[in-house]
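The next block holds one structure in the form of structure tokens; read it before the comments.
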Amino acid sequence: MSQAKILNSQELRRVLDYVATRKHSARNRAMLLLTHFAGMRVAEVASLRLCDVLNDSGSIKEEVRLKPDQTKGKYARTVYLNLRMQKELAQYVKCIKTNDLQKPLFYTQKRASFSPNTLAQYFLFLYRSVGIEGASSHSGRRSFLTHLANKGTSIHILKSLAG
């Protein structure tokens, strides 16, 4: 099995432009960008709850602390949210119609949380819809880490960010 395609900025823009034309665009944009701007795995995105990203004041946190049951290796880790990602999440949270912070951050049309598999299939659908071959649910994560490595980020920092 080949590795997931690394997207350049133009390809990501094509996907985001497509997402903007569809239903639930704020939700879908936020889910996609968490993989591209924070390097999160799809299962981690699917497991997020409102309390994971919101402070007590209702503002977006600067970092998300994932519990062991939310991560692949069953080790807790911290995901840092840059300002752009914080703004994206703030825009999305405005659309949510619940005050229960234990509810899933992202939910389907039937108000159920996404399963990792469903979210992976959706990302695959998005990439294929805009004609990007070889991209998968892991493309955002690979793109995030590769772009940082190309900018000269230390391997120790990359390891930490990758979890």
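Residues are named by chain letter and number: chains run A, B, ... in the order of the structure tokens, numbers start at 1 in each chain, and ligands are numbered from 1 in the order shown.
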### Task
Pick out the residues sitting within 12 Å of segment 49-53 of chain A, and hand them over as a ChimeraX atom specification; count only C-alpha atoms, and ignore anything fewer than 5 positions along from it in its own chain.
/A:34,44,58-67,70,78-81,85-90,92-94,96-107,113-114
Could you please take those selected residues and save N, CA and C atoms as a tab-separated table (two decimals), in the first residue's frame?
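So selection-v5.tsv came out as:
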chain	number	residue	atom	x	y	z
A	34	LEU	N	-8.22	20.33	10.71
A	34	LEU	CA	-7.54	19.77	11.89
A	34	LEU	C	-6.46	18.77	11.47
A	44	GLU	N	-8.60	10.70	15.89
A	44	GLU	CA	-8.51	11.73	16.93
A	44	GLU	C	-9.54	12.83	16.68
A	58	GLY	N	-15.78	29.70	26.96
A	58	GLY	CA	-16.37	29.49	25.64
A	58	GLY	C	-15.42	29.81	24.51
A	59	SER	N	-14.22	30.26	24.82
A	59	SER	CA	-13.23	30.54	23.77
A	59	SER	C	-12.50	29.25	23.40
A	60	ILE	N	-11.85	29.27	22.25
A	60	ILE	CA	-11.12	28.10	21.76
A	60	ILE	C	-9.77	27.99	22.47
A	61	LYS	N	-9.44	26.80	22.89
A	61	LYS	CA	-8.16	26.55	23.56
A	61	LYS	C	-7.01	26.67	22.56
A	62	GLU	N	-5.83	26.94	23.07
A	62	GLU	CA	-4.63	27.00	22.24
A	62	GLU	C	-4.05	25.61	22.02
A	63	GLU	N	-4.42	24.68	22.86
A	63	GLU	CA	-3.95	23.31	22.71
A	63	GLU	C	-5.04	22.34	23.16
A	64	VAL	N	-5.05	21.19	22.54
A	64	VAL	CA	-6.01	20.14	22.85
A	64	VAL	C	-5.24	19.01	23.51
A	65	ARG	N	-5.68	18.61	24.67
A	65	ARG	CA	-5.04	17.49	25.35
A	65	ARG	C	-5.85	16.24	25.07
A	66	LEU	N	-5.26	15.36	24.27
A	66	LEU	CA	-5.93	14.11	23.93
A	66	LEU	C	-5.63	13.07	25.00
A	67	LYS	N	-6.67	12.38	25.43
A	67	LYS	CA	-6.52	11.32	26.42
A	67	LYS	C	-6.02	10.05	25.73
A	70	GLN	N	-8.09	8.36	23.11
A	70	GLN	CA	-8.35	9.12	21.89
A	70	GLN	C	-7.22	9.00	20.88
A	78	THR	N	-0.53	16.20	23.45
A	78	THR	CA	-1.05	17.56	23.27
A	78	THR	C	-0.96	17.94	21.81
A	79	VAL	N	-2.05	18.48	21.30
A	79	VAL	CA	-2.10	18.99	19.93
A	79	VAL	C	-2.23	20.51	20.02
A	80	TYR	N	-1.32	21.21	19.38
A	80	TYR	CA	-1.32	22.67	19.42
A	80	TYR	C	-2.16	23.21	18.27
A	81	LEU	N	-2.97	24.21	18.58
A	81	LEU	CA	-3.83	24.84	17.59
A	81	LEU	C	-3.28	26.22	17.28
A	85	MET	N	-6.18	27.87	13.00
A	85	MET	CA	-7.04	26.75	13.37
A	85	MET	C	-8.02	27.16	14.47
A	86	GLN	N	-7.56	27.98	15.39
A	86	GLN	CA	-8.46	28.47	16.45
A	86	GLN	C	-9.61	29.27	15.84
A	87	LYS	N	-9.32	30.10	14.84
A	87	LYS	CA	-10.37	30.88	14.18
A	87	LYS	C	-11.34	29.97	13.44
A	88	GLU	N	-10.81	28.95	12.78
A	88	GLU	CA	-11.68	27.99	12.06
A	88	GLU	C	-12.63	27.29	13.03
A	89	LEU	N	-12.09	26.85	14.16
A	89	LEU	CA	-12.93	26.16	15.14
A	89	LEU	C	-13.95	27.12	15.76
A	90	ALA	N	-13.55	28.36	16.01
A	90	ALA	CA	-14.49	29.34	16.56
A	90	ALA	C	-15.65	29.57	15.59
A	92	TYR	N	-16.78	27.43	13.40
A	92	TYR	CA	-17.62	26.23	13.41
A	92	TYR	C	-18.47	26.15	14.69
A	93	VAL	N	-17.87	26.42	15.82
A	93	VAL	CA	-18.58	26.29	17.10
A	93	VAL	C	-19.80	27.19	17.15
A	94	LYS	N	-19.77	28.31	16.44
A	94	LYS	CA	-20.93	29.21	16.37
A	94	LYS	C	-22.15	28.49	15.79
A	96	ILE	N	-22.94	25.28	16.23
A	96	ILE	CA	-23.39	24.17	17.07
A	96	ILE	C	-24.52	24.64	17.98
A	97	LYS	N	-25.54	23.81	18.06
A	97	LYS	CA	-26.72	24.17	18.85
A	97	LYS	C	-26.83	23.30	20.09
A	98	THR	N	-25.79	23.32	20.93
A	98	THR	CA	-25.84	22.60	22.20
A	98	THR	C	-24.95	23.30	23.21
A	99	ASN	N	-25.30	23.16	24.46
A	99	ASN	CA	-24.48	23.69	25.54
A	99	ASN	C	-23.79	22.58	26.31
A	100	ASP	N	-24.06	21.33	25.95
A	100	ASP	CA	-23.47	20.18	26.62
A	100	ASP	C	-22.05	19.97	26.11
A	101	LEU	N	-21.07	20.30	26.93
A	101	LEU	CA	-19.67	20.22	26.51
A	101	LEU	C	-19.17	18.79	26.37
A	102	GLN	N	-19.96	17.81	26.81
A	102	GLN	CA	-19.55	16.41	26.67
A	102	GLN	C	-19.99	15.82	25.32
A	103	LYS	N	-20.76	16.59	24.56
A	103	LYS	CA	-21.21	16.14	23.24
A	103	LYS	C	-20.04	16.13	22.26
A	104	PRO	N	-20.15	15.31	21.21
A	104	PRO	CA	-19.09	15.31	20.19
A	104	PRO	C	-18.96	16.68	19.54
A	105	LEU	N	-17.73	17.03	19.20
A	105	LEU	CA	-17.49	18.29	18.50
A	105	LEU	C	-18.07	18.21	17.09
A	106	PHE	N	-17.87	17.06	16.45
A	106	PHE	CA	-18.36	16.85	15.09
A	106	PHE	C	-19.38	15.72	15.10
A	107	TYR	N	-20.52	15.97	14.49
A	107	TYR	CA	-21.56	14.95	14.45
A	107	TYR	C	-22.19	14.90	13.07
A	113	SER	N	-22.08	10.90	16.62
A	113	SER	CA	-20.69	11.27	16.35
A	113	SER	C	-20.17	10.46	15.17
A	114	PHE	N	-19.18	11.01	14.49
A	114	PHE	CA	-18.55	10.30	13.38
A	114	PHE	C	-17.74	9.15	13.93
#### Entry: Polymer residues at most 7 Å from segment 7-19 of chain A, only C-alpha atoms, same-chain spacing of 4 or more positions, as a PyMOL selection string
chain A and resi 25+28-29+126-127+130+139+143
Grab the residues selected above and save them as a PDB file, in the first residue's frame with C-alpha atoms.
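Final file, selection.pdb:
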ATOM      1  CA  SER A  25     -19.361  23.309   5.070  1.00  0.00           C
ATOM      2  CA  ASN A  28     -16.401  19.713   7.108  1.00  0.00           C
ATOM      3  CA  ARG A  29     -13.870  22.508   6.733  1.00  0.00           C
ATOM      4  CA  LEU A 126     -13.672  14.807  -0.813  1.00  0.00           C
ATOM      5  CA  TYR A 127     -10.277  14.236  -2.407  1.00  0.00           C
ATOM      6  CA  VAL A 130     -11.863  17.329  -6.743  1.00  0.00           C
ATOM      7  CA  SER A 139      -2.922  13.080   3.631  1.00  0.00           C
ATOM      8  CA  SER A 143       1.188  17.193   4.595  1.00  0.00           C
TER       9      SER A 143
END
### Message
Could you list, as an MDAnalysis selection string, every residue within 8 Å of Ala162 of chain A, counting only C-alpha atoms and ignoring same-chain residues fewer than 3 positions away?
### Response
chainID A and resid 39:40 145 158:159
Can you write out the residues you just picked, keeping C-alpha atoms, as a JSON list (two decimals), in the first residue's frame?
[["chain", "number", "residue", "atom", "x", "y", "z"],
["A", 39, "GLY", "CA", -1.62, 17.05, 12.16],
["A", 40, "MET", "CA", -4.38, 15.11, 13.86],
["A", 145, "LEU", "CA", 4.49, 16.99, 9.08],
["A", 158, "LEU", "CA", 8.30, 16.71, 14.77],
["A", 159, "LYS", "CA", 8.21, 13.56, 16.92]]
### Task
Check the DSSP output for the backbone and give back, as a list in words, the residues of segment 20-149 of chain A in strand (DSSP E).
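The residues of segment 20-149 of chain A classed as strand (DSSP E) are Glu63, Val64, Arg65, Leu66, Arg77, Thr78, Val79 and Tyr80 of chain A.
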### Message
Can you tell me, as a PyMOL selection string, which residues in segment 60-106 of chain A count as alpha helix (DSSP H) by DSSP?
### Response
chain A and resi 83-93
### Query
What is the distance, in Å and to one decimal place, between atom CA of Ala46 of chain A and atom CA of Lys151 of chain A?
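Separation between atom CA of Ala46 of chain A and atom CA of Lys151 of chain A: 28.8 Å.
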### Task
Tell me, in Å to one decimal, how far atom CA of Asn82 of chain A is from atom CA of His156 of chain A.
19.1 Å
### Summary
Between atom CA of His147 of chain A and atom CA of Ile6 of chain A lies a distance of 9.0 Å
